[in-house]
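**Q** Here you go, target_16.pdb (PDB, C-alpha atoms):
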```pdb
ATOM      1  CA  GLY L 169    -180.950 -30.317 108.827
ATOM      2  CA  LEU L 170    -184.210 -28.570 109.719
ATOM      3  CA  PRO L 171    -183.942 -24.968 110.945
ATOM      4  CA  SER L 172    -184.278 -24.212 114.601
ATOM      5  CA  PRO L 173    -187.926 -23.959 115.535
ATOM      6  CA  ARG L 174    -187.230 -20.937 117.733
ATOM      7  CA  ARG L 175    -185.923 -18.694 114.989
ATOM      8  CA  PRO L 176    -188.347 -15.808 114.369
ATOM      9  CA  ARG L 177    -190.503 -16.397 111.317
ATOM     10  CA  ALA L 178    -189.701 -14.379 108.234
ATOM     11  CA  GLY L 179    -192.416 -12.033 107.179
ATOM     12  CA  THR L 180    -193.934 -11.966 110.631
ATOM     13  CA  GLY L 181    -196.193  -8.933 110.805
ATOM     14  CA  THR L 182    -194.817  -6.454 113.233
ATOM     15  CA  SER L 183    -197.498  -3.875 112.774
ATOM     16  CA  HIS L 184    -198.819  -4.444 116.284
ATOM     17  CA  LYS L 185    -195.709  -5.567 118.037
ATOM     18  CA  LEU L 186    -193.073  -3.398 119.572
ATOM     19  CA  VAL L 187    -189.532  -4.374 120.345
ATOM     20  CA  ARG L 188    -189.704  -7.249 122.784
ATOM     21  CA  ARG L 189    -186.279  -6.952 124.238
ATOM     22  CA  ARG L 190    -186.080  -6.520 127.949
ATOM     23  CA  ARG L 191    -184.360  -3.171 127.673
ATOM     24  CA  CYS L 192    -187.048  -1.330 125.793
ATOM     25  CA  SER L 193    -185.260   1.948 126.302
ATOM     26  CA  SER L 194    -182.742   0.842 123.712
ATOM     27  CA  ALA L 195    -185.462   0.557 121.042
ATOM     28  CA  ARG L 196    -184.799   2.839 118.150
ATOM     29  CA  PRO L 197    -187.515   5.218 117.024
ATOM     30  CA  ALA L 198    -189.455   4.585 113.828
ATOM     31  CA  ARG L 199    -188.442   6.179 110.574
ATOM     32  CA  PRO L 200    -189.056   9.945 110.856
ATOM     33  CA  ARG L 201    -192.151  11.325 109.155
ATOM     34  CA  ARG L 202    -192.357  14.687 107.482
ATOM     35  CA  ASN L 203    -194.458  16.091 110.331
ATOM     36  CA  SER L 204    -192.217  16.604 113.331
ATOM     37  CA  GLU L 205    -195.202  17.006 115.640
ATOM     38  CA  SER L 206    -196.579  13.577 114.774
ATOM     39  CA  ASP L 207    -193.028  12.257 115.137
ATOM     40  CA  ALA L 208    -192.890  13.545 118.676
ATOM     41  CA  GLU L 209    -196.319  12.125 119.417
ATOM     42  CA  LEU L 210    -195.401   8.758 118.006
ATOM     43  CA  LEU L 211    -192.185   8.684 119.982
ATOM     44  CA  LYS L 212    -194.091   9.491 123.129
ATOM     45  CA  MET L 213    -196.538   6.665 122.453
ATOM     46  CA  MET L 214    -193.736   4.253 121.801
ATOM     47  CA  GLU L 215    -191.961   5.258 124.968
ATOM     48  CA  SER L 216    -195.188   4.742 126.909
ATOM     49  CA  ALA L 217    -195.765   1.383 125.277
ATOM     50  CA  CYS L 218    -192.162   0.355 125.920
ATOM     51  CA  PHE L 219    -192.498   1.440 129.512
ATOM     52  CA  LEU L 220    -195.734  -0.517 129.852
ATOM     53  CA  ARG L 221    -194.125  -3.512 128.287
ATOM     54  CA  HIS L 222    -191.306  -3.244 130.766
ATOM     55  CA  VAL L 223    -193.829  -3.095 133.610
ATOM     56  CA  LEU L 224    -195.703  -6.040 132.109
ATOM     57  CA  GLU L 225    -192.572  -8.135 132.274
ATOM     58  CA  GLY L 226    -193.207  -8.325 135.990
ATOM     59  CA  TYR L 227    -196.644  -9.746 135.292
ATOM     60  CA  LEU L 228    -195.995 -11.868 132.210
ATOM     61  CA  ASP L 229    -193.427 -14.484 131.351
ATOM     62  CA  GLU L 230    -191.885 -15.873 128.184
ATOM     63  CA  GLN L 231    -195.151 -17.581 127.247
ATOM     64  CA  PHE L 232    -196.614 -14.172 126.374
ATOM     65  CA  CYS L 233    -193.776 -13.639 123.914
ATOM     66  CA  GLN L 234    -194.617 -17.031 122.402
ATOM     67  CA  VAL L 235    -198.209 -15.868 121.949
ATOM     68  CA  GLU L 236    -197.061 -12.615 120.332
ATOM     69  CA  ASP L 237    -194.757 -14.629 118.092
ATOM     70  CA  LEU L 238    -197.809 -16.342 116.637
ATOM     71  CA  GLN L 239    -198.972 -13.036 115.177
ATOM     72  CA  ASP L 240    -198.505 -12.677 111.465
ATOM     73  CA  GLU L 241    -200.045 -10.781 108.587
ATOM     74  CA  ALA L 242    -203.044 -13.134 108.560
ATOM     75  CA  SER L 243    -203.592 -12.641 112.317
ATOM     76  CA  PRO L 244    -202.026  -9.301 113.208
ATOM     77  CA  ASN L 245    -204.031  -8.961 116.434
ATOM     78  CA  PHE L 246    -203.699 -12.518 117.626
ATOM     79  CA  ALA L 247    -202.161 -11.644 120.989
ATOM     80  CA  GLU L 248    -204.918  -9.184 121.798
ATOM     81  CA  GLU L 249    -207.559 -11.700 120.694
ATOM     82  CA  VAL L 250    -206.131 -14.379 122.955
ATOM     83  CA  VAL L 251    -205.886 -11.949 125.853
ATOM     84  CA  THR L 252    -209.536 -11.004 125.306
ATOM     85  CA  LEU L 253    -210.473 -14.685 125.414
ATOM     86  CA  PHE L 254    -208.429 -15.072 128.574
ATOM     87  CA  PHE L 255    -210.207 -12.271 130.421
ATOM     88  CA  LYS L 256    -213.600 -13.553 129.345
ATOM     89  CA  ASP L 257    -212.699 -17.038 130.543
ATOM     90  CA  SER L 258    -211.005 -15.919 133.732
ATOM     91  CA  ALA L 259    -213.884 -13.638 134.727
ATOM     92  CA  ARG L 260    -216.216 -16.606 134.465
ATOM     93  CA  LEU L 261    -213.888 -18.861 136.462
ATOM     94  CA  ILE L 262    -213.422 -16.240 139.176
ATOM     95  CA  SER L 263    -217.172 -15.913 139.432
ATOM     96  CA  ASN L 264    -217.483 -19.703 139.727
ATOM     97  CA  ILE L 265    -214.917 -19.749 142.514
ATOM     98  CA  GLU L 266    -216.640 -16.907 144.320
ATOM     99  CA  GLN L 267    -219.930 -18.782 144.233
ATOM    100  CA  ALA L 268    -218.278 -22.025 145.281
ATOM    101  CA  LEU L 269    -216.618 -20.334 148.264
ATOM    102  CA  GLU L 270    -220.016 -19.189 149.402
ATOM    103  CA  LYS L 271    -222.231 -22.132 148.481
ATOM    104  CA  TYR L 272    -219.874 -24.997 149.264
ATOM    105  CA  PRO L 273    -218.061 -24.165 152.496
ATOM    106  CA  LYS L 274    -214.850 -26.092 153.059
ATOM    107  CA  ASP L 275    -215.284 -27.985 149.799
ATOM    108  CA  PHE L 276    -211.571 -27.752 149.115
ATOM    109  CA  ASN L 277    -211.691 -30.278 146.283
ATOM    110  CA  ARG L 278    -214.251 -28.240 144.403
ATOM    111  CA  TRP L 279    -212.446 -24.969 145.061
ATOM    112  CA  ASP L 280    -209.190 -26.533 143.934
ATOM    113  CA  ALA L 281    -210.710 -27.896 140.740
ATOM    114  CA  TYR L 282    -211.969 -24.454 139.734
ATOM    115  CA  MET L 283    -208.681 -22.798 140.572
ATOM    116  CA  GLN L 284    -206.807 -25.431 138.577
ATOM    117  CA  GLN L 285    -208.707 -24.287 135.496
ATOM    118  CA  LEU L 286    -207.905 -20.653 136.183
ATOM    119  CA  LYS L 287    -204.256 -21.472 136.757
ATOM    120  CA  GLY L 288    -204.169 -23.311 133.433
ATOM    121  CA  SER L 289    -205.541 -20.290 131.618
ATOM    122  CA  CYS L 290    -202.986 -18.011 133.284
ATOM    123  CA  SER L 291    -200.252 -20.353 132.214
ATOM    124  CA  SER L 292    -201.390 -20.294 128.602
ATOM    125  CA  ILE L 293    -200.921 -16.560 128.210
ATOM    126  CA  GLY L 294    -197.931 -16.250 130.515
ATOM    127  CA  ALA L 295    -199.718 -14.465 133.360
ATOM    128  CA  SER L 296    -197.053 -15.542 135.823
ATOM    129  CA  ARG L 297    -197.953 -13.397 138.830
ATOM    130  CA  MET L 298    -201.583 -14.346 138.681
ATOM    131  CA  LYS L 299    -200.620 -17.981 138.189
ATOM    132  CA  SER L 300    -198.460 -17.785 141.283
ATOM    133  CA  GLU L 301    -201.413 -16.586 143.367
ATOM    134  CA  CYS L 302    -203.559 -19.389 141.928
ATOM    135  CA  MET L 303    -200.929 -21.859 143.083
ATOM    136  CA  SER L 304    -200.958 -20.327 146.582
ATOM    137  CA  PHE L 305    -204.700 -20.777 146.719
ATOM    138  CA  ARG L 306    -204.334 -24.429 145.753
ATOM    139  CA  GLU L 307    -201.710 -24.931 148.441
ATOM    140  CA  TYR L 308    -204.124 -23.551 151.018
ATOM    141  CA  CYS L 309    -206.776 -25.925 149.680
ATOM    142  CA  GLY L 310    -204.331 -28.747 150.230
ATOM    143  CA  GLN L 311    -203.760 -27.551 153.793
ATOM    144  CA  GLY L 312    -207.479 -27.236 154.423
ATOM    145  CA  SER L 313    -207.107 -23.580 155.362
ATOM    146  CA  VAL L 314    -210.285 -21.579 154.732
ATOM    147  CA  ASP L 315    -208.656 -18.358 155.877
ATOM    148  CA  GLY L 316    -205.668 -18.941 153.631
ATOM    149  CA  CYS L 317    -207.936 -19.652 150.667
ATOM    150  CA  MET L 318    -210.016 -16.548 151.236
ATOM    151  CA  LYS L 319    -207.000 -14.242 151.503
ATOM    152  CA  SER L 320    -205.314 -15.867 148.580
ATOM    153  CA  PHE L 321    -208.429 -15.538 146.459
ATOM    154  CA  GLN L 322    -208.492 -11.806 147.098
ATOM    155  CA  LYS L 323    -204.923 -11.623 145.829
ATOM    156  CA  VAL L 324    -205.900 -13.579 142.715
ATOM    157  CA  LYS L 325    -208.644 -11.060 142.011
ATOM    158  CA  ARG L 326    -206.287  -8.101 142.573
ATOM    159  CA  GLU L 327    -203.714  -9.553 140.207
ATOM    160  CA  HIS L 328    -206.443 -10.201 137.665
ATOM    161  CA  THR L 329    -207.605  -6.587 137.811
ATOM    162  CA  ALA L 330    -204.078  -5.186 137.648
ATOM    163  CA  LEU L 331    -203.168  -7.377 134.692
ATOM    164  CA  ARG L 332    -206.317  -6.455 132.831
ATOM    165  CA  GLN L 333    -205.666  -2.736 133.298
ATOM    166  CA  LYS L 334    -202.087  -2.979 132.131
ATOM    167  CA  LEU L 335    -202.798  -5.162 129.126
ATOM    168  CA  GLU L 336    -205.700  -2.973 128.042
ATOM    169  CA  ALA L 337    -203.462   0.078 128.189
ATOM    170  CA  TYR L 338    -200.696  -1.754 126.335
ATOM    171  CA  PHE L 339    -202.902  -2.870 123.462
ATOM    172  CA  GLN L 340    -204.555   0.522 123.253
ATOM    173  CA  LEU L 341    -201.157   2.136 122.816
ATOM    174  CA  LEU L 342    -200.236  -0.399 120.161
ATOM    175  CA  ARG L 343    -203.449   0.340 118.290
ATOM    176  CA  GLN L 344    -202.812   4.059 118.482
ATOM    177  CA  ALA L 345    -199.239   3.698 117.324
ATOM    178  CA  GLY L 346    -200.475   1.646 114.353
ATOM    179  CA  PRO L 347    -198.108   0.312 111.662
ATOM    180  CA  ALA L 348    -195.800   3.319 111.934
ATOM    181  CA  GLY L 349    -195.171   2.451 115.543
ATOM    182  CA  ALA L 350    -193.333  -0.728 114.696
ATOM    183  CA  ALA L 351    -189.723  -0.423 115.841
ATOM    184  CA  PRO L 352    -187.152  -1.656 113.370
ATOM    185  CA  ARG L 353    -185.132  -4.718 114.274
ATOM    186  CA  PRO L 354    -181.789  -3.755 115.795
ATOM    187  CA  ALA L 355    -178.895  -3.743 113.346
ATOM    188  CA  LYS L 356    -176.385  -6.599 113.703
TER
ATOM    189  CA  MET D 327    -191.260 -21.387 115.373
ATOM    190  CA  SER D 328    -189.684 -21.558 111.956
ATOM    191  CA  SER D 329    -192.358 -21.664 109.296
ATOM    192  CA  VAL D 330    -189.791 -23.290 107.038
ATOM    193  CA  GLY D 331    -189.349 -26.160 109.470
ATOM    194  CA  GLY D 332    -193.073 -26.416 110.030
ATOM    195  CA  ALA D 333    -193.778 -26.405 106.308
ATOM    196  CA  VAL D 334    -191.225 -29.178 105.843
ATOM    197  CA  VAL D 335    -193.035 -31.248 108.472
ATOM    198  CA  ALA D 336    -196.399 -30.556 106.866
ATOM    199  CA  ALA D 337    -195.064 -31.492 103.437
ATOM    200  CA  ALA D 338    -193.611 -34.720 104.757
ATOM    201  CA  ALA D 339    -196.927 -35.510 106.370
ATOM    202  CA  ALA D 340    -198.789 -34.794 103.165
ATOM    203  CA  ALA D 341    -196.491 -37.184 101.341
ATOM    204  CA  ALA D 342    -197.009 -39.842 103.981
ATOM    205  CA  ALA D 343    -200.749 -39.347 103.844
ATOM    206  CA  GLY D 344    -201.033 -40.496 100.300
ATOM    207  CA  GLY D 345    -198.266 -39.586  97.975
ATOM    208  CA  GLY D 346    -196.823 -36.206  97.179
ATOM    209  CA  GLY D 347    -199.388 -33.448  96.944
ATOM    210  CA  ALA D 348    -202.133 -35.402  98.731
ATOM    211  CA  GLY D 349    -203.093 -32.258 100.528
ATOM    212  CA  THR D 350    -202.344 -30.346 103.677
ATOM    213  CA  PRO D 351    -202.419 -32.575 106.760
ATOM    214  CA  HIS D 352    -205.521 -32.041 108.821
ATOM    215  CA  VAL D 353    -205.097 -31.881 112.576
ATOM    216  CA  LEU D 354    -208.007 -32.080 114.994
ATOM    217  CA  ALA D 355    -207.358 -30.070 118.170
ATOM    218  CA  VAL D 356    -209.578 -30.766 121.158
ATOM    219  CA  ASP D 357    -209.644 -28.516 124.231
ATOM    220  CA  ASP D 358    -212.443 -27.132 126.384
ATOM    221  CA  SER D 359    -210.419 -23.949 127.079
ATOM    222  CA  SER D 360    -211.026 -21.285 124.439
ATOM    223  CA  VAL D 361    -207.619 -19.760 125.196
ATOM    224  CA  ASP D 362    -205.761 -23.026 124.715
ATOM    225  CA  ARG D 363    -207.766 -23.846 121.611
ATOM    226  CA  ALA D 364    -206.801 -20.529 120.045
ATOM    227  CA  VAL D 365    -203.136 -20.955 120.900
ATOM    228  CA  ILE D 366    -202.763 -24.559 119.763
ATOM    229  CA  ALA D 367    -204.672 -23.827 116.547
ATOM    230  CA  ALA D 368    -202.369 -20.879 115.826
ATOM    231  CA  ILE D 369    -199.279 -22.982 116.504
ATOM    232  CA  LEU D 370    -200.506 -25.681 114.150
ATOM    233  CA  ARG D 371    -201.513 -23.218 111.425
ATOM    234  CA  SER D 372    -198.112 -21.532 111.678
ATOM    235  CA  SER D 373    -196.695 -24.946 110.801
ATOM    236  CA  SER D 374    -198.927 -25.064 107.726
ATOM    237  CA  PHE D 375    -201.362 -27.658 109.029
ATOM    238  CA  ARG D 376    -205.067 -27.442 108.348
ATOM    239  CA  VAL D 377    -206.721 -27.268 111.761
ATOM    240  CA  THR D 378    -210.150 -27.967 113.148
ATOM    241  CA  ALA D 379    -210.511 -27.045 116.812
ATOM    242  CA  VAL D 380    -213.391 -28.371 118.905
ATOM    243  CA  ASP D 381    -214.252 -27.969 122.549
ATOM    244  CA  SER D 382    -215.091 -31.514 123.625
ATOM    245  CA  GLY D 383    -214.402 -35.171 123.083
ATOM    246  CA  LYS D 384    -218.005 -35.634 121.973
ATOM    247  CA  ARG D 385    -217.616 -33.059 119.192
ATOM    248  CA  ALA D 386    -214.297 -34.604 118.238
ATOM    249  CA  LEU D 387    -215.931 -38.002 117.725
ATOM    250  CA  GLU D 388    -218.749 -36.424 115.707
ATOM    251  CA  LEU D 389    -216.220 -34.782 113.447
ATOM    252  CA  LEU D 390    -214.153 -37.944 113.121
ATOM    253  CA  GLY D 391    -217.292 -39.741 112.009
ATOM    254  CA  SER D 392    -217.880 -37.296 109.175
ATOM    255  CA  GLU D 393    -214.372 -36.196 108.204
ATOM    256  CA  PRO D 394    -212.322 -39.061 106.810
ATOM    257  CA  ASN D 395    -208.964 -37.373 106.447
ATOM    258  CA  VAL D 396    -207.797 -36.394 109.909
ATOM    259  CA  SER D 397    -204.041 -36.906 110.073
ATOM    260  CA  MET D 398    -203.577 -36.396 113.799
ATOM    261  CA  ILE D 399    -205.456 -35.578 116.958
ATOM    262  CA  ILE D 400    -204.093 -33.377 119.718
ATOM    263  CA  THR D 401    -206.279 -33.293 122.784
ATOM    264  CA  ASP D 402    -206.321 -31.853 126.267
ATOM    265  CA  TYR D 403    -206.425 -34.413 129.039
ATOM    266  CA  TRP D 404    -208.807 -32.776 131.484
ATOM    267  CA  MET D 405    -212.143 -31.973 129.871
ATOM    268  CA  PRO D 406    -215.632 -32.215 131.333
ATOM    269  CA  GLU D 407    -217.872 -35.136 130.278
ATOM    270  CA  MET D 408    -215.178 -36.911 128.293
ATOM    271  CA  THR D 409    -211.509 -36.661 129.190
ATOM    272  CA  GLY D 410    -208.743 -36.760 126.601
ATOM    273  CA  TYR D 411    -207.850 -40.202 127.897
ATOM    274  CA  GLU D 412    -211.386 -41.436 127.256
ATOM    275  CA  LEU D 413    -211.270 -39.922 123.784
ATOM    276  CA  LEU D 414    -207.949 -41.649 123.168
ATOM    277  CA  LYS D 415    -209.440 -44.988 124.215
ATOM    278  CA  LYS D 416    -212.432 -44.568 121.909
ATOM    279  CA  VAL D 417    -210.168 -43.704 119.000
ATOM    280  CA  LYS D 418    -207.908 -46.686 119.602
ATOM    281  CA  GLU D 419    -210.876 -49.031 120.007
ATOM    282  CA  SER D 420    -212.314 -48.004 116.646
ATOM    283  CA  SER D 421    -211.210 -49.948 113.591
ATOM    284  CA  GLU D 422    -211.698 -46.836 111.428
ATOM    285  CA  LEU D 423    -209.905 -44.424 113.699
ATOM    286  CA  LYS D 424    -207.209 -46.391 115.496
ATOM    287  CA  GLN D 425    -204.493 -45.503 112.951
ATOM    288  CA  ILE D 426    -204.810 -41.795 113.699
ATOM    289  CA  PRO D 427    -201.966 -40.675 115.967
ATOM    290  CA  VAL D 428    -203.130 -39.017 119.183
ATOM    291  CA  VAL D 429    -201.136 -36.584 121.291
ATOM    292  CA  ILE D 430    -202.295 -35.660 124.780
ATOM    293  CA  MET D 431    -201.763 -32.265 126.431
ATOM    294  CA  SER D 432    -202.075 -31.502 130.118
ATOM    295  CA  SER D 433    -201.265 -28.624 132.439
ATOM    296  CA  GLU D 434    -200.114 -31.139 135.047
ATOM    297  CA  ASN D 435    -197.066 -33.306 134.842
ATOM    298  CA  VAL D 436    -198.377 -36.473 136.490
ATOM    299  CA  PRO D 437    -196.207 -39.515 135.718
ATOM    300  CA  THR D 438    -199.002 -42.064 136.219
ATOM    301  CA  ARG D 439    -201.230 -40.092 133.884
ATOM    302  CA  ILE D 440    -198.524 -39.927 131.248
ATOM    303  CA  THR D 441    -197.808 -43.646 131.510
ATOM    304  CA  ARG D 442    -201.480 -44.506 131.277
ATOM    305  CA  CYS D 443    -201.906 -42.465 128.102
ATOM    306  CA  LEU D 444    -198.802 -43.840 126.437
ATOM    307  CA  GLU D 445    -199.833 -47.386 127.289
ATOM    308  CA  GLU D 446    -203.216 -46.727 125.759
ATOM    309  CA  GLY D 447    -201.502 -45.756 122.498
ATOM    310  CA  ALA D 448    -200.873 -42.011 122.697
ATOM    311  CA  GLU D 449    -197.924 -40.905 120.582
ATOM    312  CA  ASP D 450    -196.746 -38.341 123.087
ATOM    313  CA  PHE D 451    -197.757 -36.341 126.100
ATOM    314  CA  LEU D 452    -197.130 -32.588 126.144
ATOM    315  CA  VAL D 453    -197.190 -30.471 129.272
ATOM    316  CA  LYS D 454    -198.897 -27.128 128.859
ATOM    317  CA  PRO D 455    -198.252 -24.420 127.936
ATOM    318  CA  VAL D 456    -197.474 -26.107 124.656
ATOM    319  CA  ARG D 457    -194.707 -24.413 122.703
ATOM    320  CA  PRO D 458    -194.244 -24.370 118.947
ATOM    321  CA  SER D 459    -191.017 -26.309 119.469
ATOM    322  CA  ASP D 460    -192.976 -29.085 121.233
ATOM    323  CA  VAL D 461    -195.385 -29.358 118.309
ATOM    324  CA  TYR D 462    -192.526 -29.293 115.852
ATOM    325  CA  ARG D 463    -190.674 -32.039 117.681
ATOM    326  CA  VAL D 464    -193.649 -34.356 118.063
ATOM    327  CA  PHE D 465    -195.272 -33.818 114.703
ATOM    328  CA  SER D 466    -192.048 -34.168 112.760
ATOM    329  CA  ARG D 467    -191.497 -37.541 114.408
ATOM    330  CA  VAL D 468    -195.036 -38.834 114.165
ATOM    331  CA  LEU D 469    -195.973 -37.588 110.720
ATOM    332  CA  ARG D 470    -192.655 -38.218 108.962
TER
END
```
Can I see the file as structure tokens?

**A**
Amino acid sequence: GLPSPRRPRAGTGTSHKLVRRRRCSSARPARPRRNSESDAELLKMMESACFLRHVLEGYLDEQFCQVEDLQDEASPNFAEEVVTLFFKDSARLISNIEQALEKYPKDFNRWDAYMQQLKGSCSSIGASRMKSECMSFREYCGQGSVDGCMKSFQKVKREHTALRQKLEAYFQLLRQAGPAGAAPRPAK
Amino acid sequence: MSSVGGAVVAAAAAAAAGGGGAGTPHVLAVDDSSVDRAVIAAILRSSSFRVTAVDSGKRALELLGSEPNVSMIITDYWMPEMTGYELLKKVKESSELKQIPVVIMSSENVPTRITRCLEEGAEDFLVKPVRPSDVYRVFSRVLR
């Protein structure tokens, strides 16, 4: 029969991907280099990246892992590219919502339509916390609550900012760690 | 997603398209979201399909008019100007295009929407976010 579609692809480039297990602290360090100072530095970067990844698990769901899984040697930075697209798109949508809240008072249908787009984008990269706030906003639209929408929108923006900061830091660490920062797969 | 499984699906599709070795199946992906376009294109490419991704139904129809060998269309439902449903209808109303299988994607799981698309001739309806396993399941069935 055909192999399971969820099995990790052979030859998947891991140059910009750290161990994705939930317990990042169990990740083994990379092969030691001759220079012990650069070893220590690399370890520190990996620990920071692992820590960040652990923190990100509160902000991102399994969908983000699916996006990272699509990275390979032909597209080693795919996850970062998609995240960049997301923040470009989401910034535009947030701006649209902001303008709509001001220009079209109580136009809950319009507000909802914009937020539906933003929620869809969040869903595509696994931005679960931000998606959750988008859903709250839509619920308030359904209830016809201007106050609820306004407060909820502020939360959406805060989550957006927090996620951007964390993902930027995460990808920066991955870039700094480079190919040598790739953690080996755990032994069976 | 297993590239082995995806390659098997692509090979089967190539054989179905016109005998063994007829070429890599060409999938047209249609989505106004740049994020979703990037993800679906990557999923399809990881399964060894040739992919063209466009951002609207209008562009999809333009491409279909000039590119004769599209094996399958996968389109978002909600798009400005022309929805995926409207694109589906135009494809199925065209004598040249109606044989091309169409799969619809949507971020909302609305039963009436799904029924409407399937009745109009869609092969399947996928709820976003689309996973490689979804693509594998649908494409292996449709293109076998």

**Q** Let me know the centre plus edge lengths, in Å and rounded to one decimal, of a box with edges along x, y and z that contains all listed atoms of stretch 314-329 of chain L and is padded by 5 Å on every side, as lines of an AutoDock Vina configuration file.

**A**
```
center_x = -207.0
center_y = -14.1
center_z = 146.8
size_x = 16.6
size_y = 25.0
size_z = 28.2
```

**Q** Pull out every residue that the PyMOL selection byres ((chain D and resi 447-452) around 9) matches in the shown coordinates and put them as a list of chain:residue names.

**A**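 Taken on the displayed file, the PyMOL selection byres ((chain D and resi 447-452) around 9) yields the residues D:Tyr411, D:Leu414, D:Lys415, D:Lys418, D:Pro427, D:Val428, D:Val429, D:Ile430, D:Met431, D:Ser432, D:Ser433, D:Asn435, D:Ile440, D:Arg442, D:Cys443, D:Leu444, D:Glu445, D:Glu446, D:Val453, D:Lys454, D:Pro455, D:Val456, D:Asp460, D:Val461, D:Val464, D:Val468.
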
**Q** Could you please take those selected residues and save C-alpha atoms as an mmCIF file, keeping the file's coordinate frame?

**A**
```cif
data_model
loop_
_atom_site.group_PDB
_atom_site.id
_atom_site.type_symbol
_atom_site.label_atom_id
_atom_site.label_comp_id
_atom_site.auth_asym_id
_atom_site.auth_seq_id
_atom_site.Cartn_x
_atom_site.Cartn_y
_atom_site.Cartn_z
ATOM 1 C CA TYR D 411 -207.850 -40.202 127.897
ATOM 2 C CA LEU D 414 -207.949 -41.649 123.168
ATOM 3 C CA LYS D 415 -209.440 -44.988 124.215
ATOM 4 C CA LYS D 418 -207.908 -46.686 119.602
ATOM 5 C CA PRO D 427 -201.966 -40.675 115.967
ATOM 6 C CA VAL D 428 -203.130 -39.017 119.183
ATOM 7 C CA VAL D 429 -201.136 -36.584 121.291
ATOM 8 C CA ILE D 430 -202.295 -35.660 124.780
ATOM 9 C CA MET D 431 -201.763 -32.265 126.431
ATOM 10 C CA SER D 432 -202.075 -31.502 130.118
ATOM 11 C CA SER D 433 -201.265 -28.624 132.439
ATOM 12 C CA ASN D 435 -197.066 -33.306 134.842
ATOM 13 C CA ILE D 440 -198.524 -39.927 131.248
ATOM 14 C CA ARG D 442 -201.480 -44.506 131.277
ATOM 15 C CA CYS D 443 -201.906 -42.465 128.102
ATOM 16 C CA LEU D 444 -198.802 -43.840 126.437
ATOM 17 C CA GLU D 445 -199.833 -47.386 127.289
ATOM 18 C CA GLU D 446 -203.216 -46.727 125.759
ATOM 19 C CA VAL D 453 -197.190 -30.471 129.272
ATOM 20 C CA LYS D 454 -198.897 -27.128 128.859
ATOM 21 C CA PRO D 455 -198.252 -24.420 127.936
ATOM 22 C CA VAL D 456 -197.474 -26.107 124.656
ATOM 23 C CA ASP D 460 -192.976 -29.085 121.233
ATOM 24 C CA VAL D 461 -195.385 -29.358 118.309
ATOM 25 C CA VAL D 464 -193.649 -34.356 118.063
ATOM 26 C CA VAL D 468 -195.036 -38.834 114.165
#
```

**Q** Once the PyMOL selection byres ((chain D) within 12 of (chain L)) has been evaluated on this model, what residues remain selected, and can you format them as JSON, numbers by chain?

**A** {"D": [327, 328, 329, 330, 331, 332, 333, 334, 335, 357, 358, 359, 360, 361, 362, 363, 364, 365, 366, 367, 368, 369, 370, 371, 372, 373, 402, 404, 405, 406, 431, 432, 433, 434, 453, 454, 455, 456, 457, 458, 459, 460, 461, 462, 463, 466]}

**Q** Determine, counting all atoms listed in the file, every residue of protein, DNA or RNA that lies within 9 Å of (-203.2, -14.6, 145.3) in the file coordinates, then give the result as a count of residues only.

**A** 19

**Q** Evaluate the PyMOL selection byres ((chain L and resi 339) around 10) on the structure here and hand back the selected residues as a ChimeraX atom specification.

**A** /L:184-185,217,220,245,247-248,251,334-338,340-345

**Q** How far is it from atom CA of D:Ser374 to atom CA of D:Ser397, in Å with one decimal?

**A** 13.1 Å

**Q** Just the residues within 12 Å of L:Glu266, please, counting only C-alpha atoms, with nothing from its chain fewer than 4 positions along; format it as a list in words.

**A**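 Here the qualifying residues turn out to be Ala259, Arg260, Leu261, Ile262, Glu270, Lys271, Tyr272, Pro273, Arg278, Trp279, Tyr282, Met283, Cys317, Met318, Phe321, Gln322, Val324 and Lys325 of chain L.
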
**Q** With C-alpha atoms retained, export the selected residues as a short mmCIF file (atom, residue, chain, number, x, y, z; two decimals), in the frame of the given file.

**A**
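Heads up, here's the output in result28.cif:
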```cif
data_model
loop_
_atom_site.label_atom_id
_atom_site.label_comp_id
_atom_site.auth_asym_id
_atom_site.auth_seq_id
_atom_site.Cartn_x
_atom_site.Cartn_y
_atom_site.Cartn_z
CA ALA L 259 -213.88 -13.64 134.73
CA ARG L 260 -216.22 -16.61 134.46
CA LEU L 261 -213.89 -18.86 136.46
CA ILE L 262 -213.42 -16.24 139.18
CA GLU L 270 -220.02 -19.19 149.40
CA LYS L 271 -222.23 -22.13 148.48
CA TYR L 272 -219.87 -25.00 149.26
CA PRO L 273 -218.06 -24.16 152.50
CA ARG L 278 -214.25 -28.24 144.40
CA TRP L 279 -212.45 -24.97 145.06
CA TYR L 282 -211.97 -24.45 139.73
CA MET L 283 -208.68 -22.80 140.57
CA CYS L 317 -207.94 -19.65 150.67
CA MET L 318 -210.02 -16.55 151.24
CA PHE L 321 -208.43 -15.54 146.46
CA GLN L 322 -208.49 -11.81 147.10
CA VAL L 324 -205.90 -13.58 142.72
CA LYS L 325 -208.64 -11.06 142.01
#
```

**Q** How far is it from atom CA of L:Ala242 to atom CA of D:Pro351, in Å with one decimal?

**A**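 Separating atom CA of L:Ala242 from atom CA of D:Pro351 is a distance of 19.5 Å.
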
**Q** Mind giving me the straight-line distance from atom CA of L:Asp315 to atom CA of L:Asp280 in Å, one decimal?

**A**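 Going from atom CA of L:Asp315 over to atom CA of L:Asp280 covers 14.5 Å.
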